[in-house]
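Enquirer: target06.cif (mmCIF, C-alpha atoms) pasted underneath:
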data_start
loop_
_atom_site.label_atom_id
_atom_site.label_comp_id
_atom_site.auth_asym_id
_atom_site.auth_seq_id
_atom_site.Cartn_x
_atom_site.Cartn_y
_atom_site.Cartn_z
CA MET A 41 1.38 27.58 6.19
CA ALA A 42 3.41 25.07 4.23
CA THR A 43 6.65 26.69 3.25
CA MET A 44 7.47 25.92 -0.31
CA GLN A 45 10.92 24.51 0.27
CA PRO A 46 12.39 23.21 -2.91
CA HIS A 47 12.91 19.50 -2.62
CA ASN A 48 16.30 18.17 -3.62
CA LEU A 49 15.25 14.83 -5.00
CA LYS A 50 17.37 15.54 -8.02
CA ASP A 51 20.42 15.43 -5.81
CA ILE A 52 19.89 11.87 -4.64
CA PRO A 53 22.99 10.20 -6.04
CA ASP A 54 21.68 7.16 -7.86
CA GLN A 55 18.11 8.23 -8.54
CA LEU A 56 16.63 7.15 -11.84
CA GLY A 57 13.53 9.30 -11.62
CA TYR A 58 11.10 10.80 -9.17
CA LEU A 59 7.48 11.84 -8.70
CA VAL A 60 5.96 14.46 -6.45
CA LEU A 61 2.25 14.14 -5.70
CA ASN A 62 -0.14 16.38 -3.84
CA GLU A 63 -2.44 15.11 -1.11
CA ASP A 64 -5.08 14.17 -3.67
CA GLY A 65 -2.66 12.00 -5.62
CA ASP A 66 -2.22 14.36 -8.55
CA VAL A 67 1.22 14.56 -10.11
CA ILE A 68 2.85 17.89 -9.39
CA GLU A 69 6.27 17.04 -10.71
CA SER A 70 7.92 14.09 -12.39
CA SER A 71 11.29 13.28 -13.84
CA GLY A 72 13.41 10.54 -15.35
CA ASP A 73 11.96 7.04 -15.54
CA LEU A 74 8.88 8.18 -13.66
CA SER A 75 8.25 11.07 -16.00
CA ASN A 76 4.47 11.50 -16.50
CA ASP A 77 3.91 8.11 -14.90
CA ALA A 78 0.40 8.63 -13.61
CA LYS A 79 -0.17 4.91 -13.27
CA THR A 80 2.68 4.41 -10.85
CA ALA A 81 1.60 7.53 -9.03
CA LYS A 82 -1.90 6.17 -8.53
CA VAL A 83 -0.72 2.81 -7.27
CA LEU A 84 1.91 4.27 -4.95
CA MET A 85 -0.58 6.80 -3.62
CA ARG A 86 -2.97 4.07 -2.63
CA MET A 87 -0.21 1.98 -1.08
CA VAL A 88 1.05 4.93 0.96
CA GLN A 89 -2.45 5.67 2.21
CA ILE A 90 -2.78 2.11 3.44
CA ALA A 91 0.77 1.76 4.74
CA TRP A 92 0.58 5.00 6.70
CA LYS A 93 -2.20 3.51 8.78
CA VAL A 94 -0.10 0.57 9.94
CA LYS A 95 0.79 0.79 13.60
CA LEU A 96 4.31 -0.37 14.18
CA GLY A 97 4.10 -0.87 17.91
CA ALA A 98 3.65 1.34 20.93
CA SER A 99 7.21 2.56 21.18
CA GLU A 100 7.93 2.82 17.49
CA SER A 101 7.72 6.06 15.59
CA PRO A 102 5.14 6.10 12.82
CA VAL A 103 5.89 4.92 9.31
CA LYS A 104 8.47 7.06 7.57
CA ARG A 105 9.15 5.39 4.27
CA LEU A 106 7.62 2.78 2.01
CA SER A 107 9.94 0.68 -0.14
CA LEU A 108 8.90 -1.44 -3.09
CA ILE A 109 11.74 -3.83 -3.90
CA PHE A 110 11.80 -5.30 -7.39
CA SER A 111 14.40 -7.55 -8.89
CA ASN A 112 16.76 -4.81 -9.98
CA HIS A 113 15.20 -1.52 -8.95
CA MET A 114 13.16 -0.13 -6.12
CA LEU A 115 10.62 2.60 -5.50
CA LEU A 116 10.81 4.55 -2.28
CA ALA A 117 7.97 6.75 -1.09
CA THR A 118 7.65 9.16 1.79
CA VAL A 119 5.28 11.91 2.88
CA SER A 120 6.42 15.40 3.78
CA ASN A 121 4.17 18.39 4.41
CA ASP A 122 1.13 16.92 2.65
CA LYS A 123 3.08 15.89 -0.42
CA ILE A 124 4.14 12.43 -1.47
CA TYR A 125 7.68 12.01 -2.77
CA ILE A 126 8.53 8.91 -4.77
CA VAL A 127 11.99 8.11 -6.09
CA LYS A 128 13.23 5.23 -8.23
CA LYS A 129 16.67 3.85 -7.52
CA PRO A 130 18.55 0.77 -8.62
CA TYR A 131 18.40 -2.06 -6.16
CA LEU A 132 21.83 -3.13 -5.11
CA PRO A 133 21.49 -5.67 -2.37
CA GLN A 134 24.18 -5.33 0.22
CA THR A 135 24.55 -8.57 1.99
CA VAL A 136 24.88 -8.16 5.71
CA ILE A 137 26.67 -10.93 7.36
CA ALA A 138 24.48 -11.64 10.33
CA MET B 291 -65.69 20.82 -28.63
CA GLY B 292 -65.82 23.85 -26.48
CA CYS B 293 -68.87 25.44 -27.98
CA CYS B 294 -71.54 24.44 -25.60
CA ASN B 295 -69.53 24.06 -22.46
CA SER B 296 -70.73 27.26 -20.93
CA CYS B 297 -74.23 26.06 -21.36
CA LEU B 298 -73.33 22.84 -19.62
CA GLY B 299 -71.55 24.70 -16.83
CA ASN B 300 -68.05 23.30 -17.50
CA GLY B 301 -66.28 26.58 -17.99
CA GLU B 302 -63.20 26.28 -15.82
CA ASP B 303 -61.33 23.27 -17.17
CA GLU B 304 -61.94 23.80 -20.81
CA ASN B 305 -60.01 27.00 -20.93
CA ASP B 306 -57.84 25.73 -23.74
CA GLU B 307 -57.07 25.96 -27.39
CA THR B 308 -60.12 24.07 -28.57
CA ARG B 309 -62.41 26.87 -27.57
CA PRO B 310 -63.26 29.23 -30.39
CA PHE B 311 -62.34 32.86 -30.02
CA LEU B 312 -65.51 34.21 -31.40
CA PRO B 313 -68.72 32.80 -30.03
CA LYS B 314 -71.19 31.07 -32.16
CA GLU B 315 -74.34 32.92 -32.76
CA GLY B 316 -76.40 33.32 -29.70
CA THR B 317 -74.16 31.47 -27.22
CA GLY B 318 -72.36 33.19 -24.36
CA VAL B 319 -68.84 31.73 -24.48
CA SER B 320 -66.56 33.58 -22.05
CA ILE B 321 -62.95 34.32 -22.87
CA ASN B 322 -61.60 35.51 -19.55
CA ASP B 323 -63.45 33.00 -17.46
CA THR B 324 -66.20 35.45 -16.89
CA THR B 325 -69.75 34.48 -17.36
CA GLU B 326 -70.75 37.62 -19.10
CA PRO B 327 -72.07 36.86 -22.50
CA ILE B 328 -70.25 38.55 -25.32
CA LEU B 329 -72.63 39.80 -27.89
CA SER B 330 -71.80 38.95 -31.41
CA ALA B 331 -72.04 41.40 -34.22
CA TYR B 332 -75.41 40.07 -35.20
CA ASP B 333 -77.01 40.93 -31.95
CA TYR B 334 -77.03 44.53 -32.74
CA ASP B 335 -79.75 44.26 -35.29
CA ASP B 336 -82.42 45.43 -32.94
CA MET B 337 -80.47 47.97 -31.02
CA THR B 338 -78.41 49.97 -33.44
CA PRO B 339 -78.87 51.19 -36.91
CA PRO B 340 -77.14 49.08 -39.55
CA GLY B 341 -74.41 51.62 -40.15
CA SER B 342 -73.04 51.80 -36.67
CA LEU B 343 -69.69 50.22 -37.35
CA PRO B 344 -67.61 51.86 -34.59
CA LYS B 345 -69.51 50.17 -31.84
CA ILE B 346 -69.02 46.73 -33.36
CA LYS B 347 -65.38 47.39 -33.88
CA HIS B 348 -65.01 48.54 -30.32
CA ASP B 349 -66.33 45.25 -29.05
CA GLU B 350 -64.12 43.27 -31.36
CA GLN B 351 -61.22 45.32 -30.16
CA SER B 352 -62.05 44.53 -26.57
CA ILE B 353 -62.33 40.84 -27.42
CA LEU B 354 -58.96 40.89 -29.13
CA SER B 355 -57.28 42.84 -26.36
CA GLY B 356 -58.77 40.40 -23.86
CA ILE B 357 -57.18 37.57 -25.78
CA ILE B 358 -53.86 39.38 -25.88
CA THR B 359 -53.77 40.10 -22.16
CA GLN B 360 -54.65 36.53 -21.40
CA TYR B 361 -51.83 35.20 -23.51
CA ASN B 362 -49.45 37.79 -22.11
CA ASN B 363 -50.08 36.26 -18.74
CA ASP B 364 -49.46 32.75 -19.96
CA VAL B 365 -46.55 33.24 -22.30
CA ILE B 366 -43.01 34.16 -21.23
CA ASP B 367 -41.12 35.96 -23.96
CA ILE B 368 -37.43 35.33 -23.30
CA THR B 369 -36.30 37.64 -26.04
CA ALA B 370 -37.93 40.58 -24.34
CA LEU B 371 -36.33 40.09 -20.91
CA GLU B 372 -34.90 43.26 -19.47
CA SER B 373 -31.91 41.87 -17.54
CA LYS B 374 -29.11 42.28 -20.02
CA ILE B 375 -25.72 41.50 -18.52
CA ASP B 376 -22.61 42.70 -20.16
CA ALA B 377 -19.64 40.41 -20.61
CA VAL B 378 -17.64 41.71 -17.65
CA GLU B 379 -20.46 41.29 -15.22
CA TYR B 380 -21.18 37.86 -16.68
CA MET B 381 -17.58 36.70 -16.14
CA ASN B 382 -17.59 38.11 -12.63
CA ARG B 383 -20.65 36.11 -11.83
CA VAL B 384 -19.17 32.96 -13.36
CA GLN B 385 -16.12 33.28 -11.13
CA GLN B 386 -18.21 34.07 -8.10
CA TYR B 387 -20.42 31.04 -8.59
CA ASN B 388 -17.44 28.78 -9.22
CA ARG B 389 -15.81 29.99 -6.01
CA LYS B 390 -18.99 29.36 -4.11
CA VAL B 391 -19.33 25.86 -5.52
CA SER B 392 -15.74 24.97 -4.75
CA THR B 393 -16.01 26.14 -1.16
CA LEU B 394 -19.10 24.02 -0.73
CA THR B 395 -17.65 20.89 -2.28
CA SER B 396 -14.11 21.02 -0.92
CA GLY B 397 -15.03 21.10 2.71
CA THR B 398 -13.19 19.01 5.28
CA ARG B 399 -15.67 16.22 5.13
CA TYR B 400 -14.62 15.50 1.58
CA LYS B 401 -10.97 15.18 2.47
CA GLN B 402 -9.27 12.11 3.72
CA PRO B 403 -7.30 12.61 6.92
CA SER B 404 -3.91 13.95 5.93
CA LEU B 405 -0.92 11.63 6.06
CA HIS B 406 1.58 12.26 8.82
CA SER B 407 4.75 13.87 7.65
CA SER B 408 8.13 12.20 7.91
CA GLY B 409 9.90 15.53 8.23
CA SER B 410 10.65 18.50 6.07
CA ASN B 411 13.48 16.91 4.13
CA PRO B 412 12.09 14.07 2.04
CA ALA B 413 15.36 13.64 0.14
CA SER B 414 17.17 12.61 3.29
CA ILE B 415 14.51 10.04 4.11
CA LEU B 416 14.61 8.62 0.61
CA ASN B 417 18.38 8.67 0.58
CA ALA B 418 18.70 6.77 3.83
CA PRO B 419 20.34 3.34 3.67
CA SER B 420 18.15 0.88 1.87
CA ILE B 421 16.85 -2.27 3.40
CA SER B 422 19.37 -5.08 3.71
CA ILE B 423 19.17 -8.26 1.70
CA ASN B 424 18.65 -10.30 4.86
CA ASP B 425 15.52 -8.35 5.72
CA VAL B 426 14.23 -8.68 2.19
CA TYR B 427 14.81 -12.41 2.37
CA LEU B 428 13.03 -12.64 5.71
CA ILE B 429 10.05 -10.68 4.47
CA THR B 430 9.80 -12.76 1.30
CA GLU B 431 9.96 -16.03 3.20
CA VAL B 432 7.32 -14.98 5.72
CA SER B 433 5.03 -13.68 2.97
CA ASN B 434 5.34 -16.91 1.02
CA GLY B 435 4.59 -18.88 4.16
CA LEU B 436 1.52 -16.77 4.86
CA GLN B 437 0.27 -17.17 1.32
CA SER B 438 0.61 -20.95 1.32
CA ALA B 439 -1.02 -21.09 4.76
CA MET B 440 -3.98 -19.15 3.50
CA ASN B 441 -4.26 -21.38 0.47
CA ASN B 442 -4.28 -24.48 2.64
CA VAL B 443 -7.01 -23.51 5.05
CA LYS B 444 -9.22 -26.52 5.58
CA ILE B 445 -12.29 -27.15 7.66
CA ALA B 446 -12.15 -30.36 9.69
CA LYS B 447 -15.47 -31.97 10.25
CA THR B 448 -16.12 -33.08 13.80
CA ASP B 449 -19.89 -33.16 13.93
CA GLU B 450 -22.44 -34.04 11.34
CA LEU B 451 -23.10 -31.02 9.22
CA VAL B 452 -26.52 -32.15 8.17
CA LEU B 453 -29.03 -33.32 10.73
CA SER B 454 -32.18 -35.15 9.88
CA LEU B 455 -35.32 -34.12 11.67
CA ASN B 456 -36.60 -37.62 12.11
CA HIS B 457 -34.71 -39.31 14.89
CA ARG B 458 -35.51 -42.96 15.19
#
Mind turning the file's structure into structure tokens?

Expert:
Amino acid sequence: MATMQPHNLKDIPDQLGYLVLNEDGDVIESSGDLSNDAKTAKVLMRMVQIAWKVKLGASESPVKRLSLIFSNHMLLATVSNDKIYIVKKPYLPQTVIA
Amino acid sequence: MGCCNSCLGNGEDENDETRPFLPKEGTGVSINDTTEPILSAYDYDDMTPPGSLPKIKHDEQSILSGIITQYNNDVIDITALESKIDAVEYMNRVQQYNRKVSTLTSGTRYKQPSLHSSGSNPASILNAPSISINDVYLITEVSNGLQSAMNNVKIAKTDELVLSLNHR
């Protein structure tokens, strides 16, 4: 039922590493700074499970992405077809002049 | 210990290893829980001539075979089992049982509800513009405020918390 489309996480321009987890939280694929990082996988898995339950409001679409912002890098997680995709990127704050 | 039990009438629960195989002279100890007395070799003095060995042997044989059949019923010899499985059949069964177990344990009630998908192209979601610094600042400020508010929860006393039962 789930077509095995190859993900193109590698092609994300400034990615420093990525993880792909199955619906049980097991690491299917890993690369770069997140290579074999089961600890990060476990923590992110649990955070995604909790975050995906948050209701954003009646008219809002459900949660699409979870971002963990650290001082100089960030972890982004999303769910697609029963798999969890996590990518690590540098955090470059772009100041928006409000 | 088991010699005189048949005389006392306690035959059924002393059917164990303490009972002698061959009866003492003159007593009727039963081997197969029967109450028939088994004549010992010495009982034949009056009935048979002294040289009649075959008859004595026949009775001993029947005693011994009675013992053997009784123990055959009680003992399971695992080395003599007939069901010999060859390796192929054994592996087939291993796989079959494992499949059965996995279907029983991986049913829907063991699964958490699946997370909703954000689309079929996760890279585009993850590549989308990242959160602005203003939003990060806002979130950090609000979180810090919440944390200090939770740390400063106090209970203000309006009524006496402890009442005495004796009112004067």

Enquirer: Could you list the residues chosen by the PyMOL selection byres ((chain B) within 10 of (chain A)) in this structure as a PyMOL selection string?

Expert: chain B and resi 401-418+420-426

Enquirer: Next, dump the selected residues to file, keeping only C-alpha atoms, as an mmCIF file, in the frame of the given file.

Expert:
data_model
loop_
_atom_site.group_PDB
_atom_site.id
_atom_site.type_symbol
_atom_site.label_atom_id
_atom_site.label_comp_id
_atom_site.auth_asym_id
_atom_site.auth_seq_id
_atom_site.Cartn_x
_atom_site.Cartn_y
_atom_site.Cartn_z
ATOM 1 C CA LYS B 401 -10.970 15.180 2.470
ATOM 2 C CA GLN B 402 -9.270 12.110 3.720
ATOM 3 C CA PRO B 403 -7.300 12.610 6.920
ATOM 4 C CA SER B 404 -3.910 13.950 5.930
ATOM 5 C CA LEU B 405 -0.920 11.630 6.060
ATOM 6 C CA HIS B 406 1.580 12.260 8.820
ATOM 7 C CA SER B 407 4.750 13.870 7.650
ATOM 8 C CA SER B 408 8.130 12.200 7.910
ATOM 9 C CA GLY B 409 9.900 15.530 8.230
ATOM 10 C CA SER B 410 10.650 18.500 6.070
ATOM 11 C CA ASN B 411 13.480 16.910 4.130
ATOM 12 C CA PRO B 412 12.090 14.070 2.040
ATOM 13 C CA ALA B 413 15.360 13.640 0.140
ATOM 14 C CA SER B 414 17.170 12.610 3.290
ATOM 15 C CA ILE B 415 14.510 10.040 4.110
ATOM 16 C CA LEU B 416 14.610 8.620 0.610
ATOM 17 C CA ASN B 417 18.380 8.670 0.580
ATOM 18 C CA ALA B 418 18.700 6.770 3.830
ATOM 19 C CA SER B 420 18.150 0.880 1.870
ATOM 20 C CA ILE B 421 16.850 -2.270 3.400
ATOM 21 C CA SER B 422 19.370 -5.080 3.710
ATOM 22 C CA ILE B 423 19.170 -8.260 1.700
ATOM 23 C CA ASN B 424 18.650 -10.300 4.860
ATOM 24 C CA ASP B 425 15.520 -8.350 5.720
ATOM 25 C CA VAL B 426 14.230 -8.680 2.190
#

Enquirer: For atom CA of Asn112 of chain A and atom CA of Leu74 of chain A, determine how far apart the two atoms are, in Å to one decimal place.

Expert: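 Computed distance, atom CA of Asn112 of chain A to atom CA of Leu74 of chain A, equals 15.6 Å.
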
Enquirer: What does the structure give for the distance between atom CA of Pro310 of chain B and atom CA of Leu354 of chain B, in Å to one decimal?

Expert: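 Going from atom CA of Pro310 of chain B over to atom CA of Leu354 of chain B, I get 12.5 Å.
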
Enquirer: Applied to this file, what does the PyMOL selection byres ((chain A and resi 70) around 12) return in terms of residues, put as a short mmCIF file (atom, residue, chain, number, x, y, z; two decimals) with C-alpha atoms, keeping the file's coordinate frame?

Expert:
data_model
loop_
_atom_site.label_atom_id
_atom_site.label_comp_id
_atom_site.auth_asym_id
_atom_site.auth_seq_id
_atom_site.Cartn_x
_atom_site.Cartn_y
_atom_site.Cartn_z
CA LEU A 49 15.25 14.83 -5.00
CA LYS A 50 17.37 15.54 -8.02
CA LEU A 56 16.63 7.15 -11.84
CA GLY A 57 13.53 9.30 -11.62
CA TYR A 58 11.10 10.80 -9.17
CA LEU A 59 7.48 11.84 -8.70
CA VAL A 60 5.96 14.46 -6.45
CA LEU A 61 2.25 14.14 -5.70
CA ASN A 62 -0.14 16.38 -3.84
CA ASP A 66 -2.22 14.36 -8.55
CA VAL A 67 1.22 14.56 -10.11
CA ILE A 68 2.85 17.89 -9.39
CA GLU A 69 6.27 17.04 -10.71
CA SER A 71 11.29 13.28 -13.84
CA GLY A 72 13.41 10.54 -15.35
CA ASP A 73 11.96 7.04 -15.54
CA LEU A 74 8.88 8.18 -13.66
CA SER A 75 8.25 11.07 -16.00
CA ASN A 76 4.47 11.50 -16.50
CA ASP A 77 3.91 8.11 -14.90
CA ALA A 78 0.40 8.63 -13.61
CA THR A 80 2.68 4.41 -10.85
CA ALA A 81 1.60 7.53 -9.03
CA ILE A 124 4.14 12.43 -1.47
CA TYR A 125 7.68 12.01 -2.77
CA ILE A 126 8.53 8.91 -4.77
CA VAL A 127 11.99 8.11 -6.09
CA LYS A 128 13.23 5.23 -8.23
#

Enquirer: What is the atom CA of Tyr427 of chain B to atom CA of Phe110 of chain A distance in Å?

Expert: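 Atom-to-atom, atom CA of Tyr427 of chain B and atom CA of Phe110 of chain A are spaced 12.4 Å apart.
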
Enquirer: Enclose the full set of atoms of segment 54-67 of chain A listed in the file within a box whose edges lie along x, y and z, apply 8 Å of padding to each of the six sides, and report centre and edge lengths in Å to one decimal as JSON.

Expert:
{"center_x": 8.3, "center_y": 11.8, "center_z": -6.5, "size_x": 42.8, "size_y": 25.2, "size_z": 26.7}
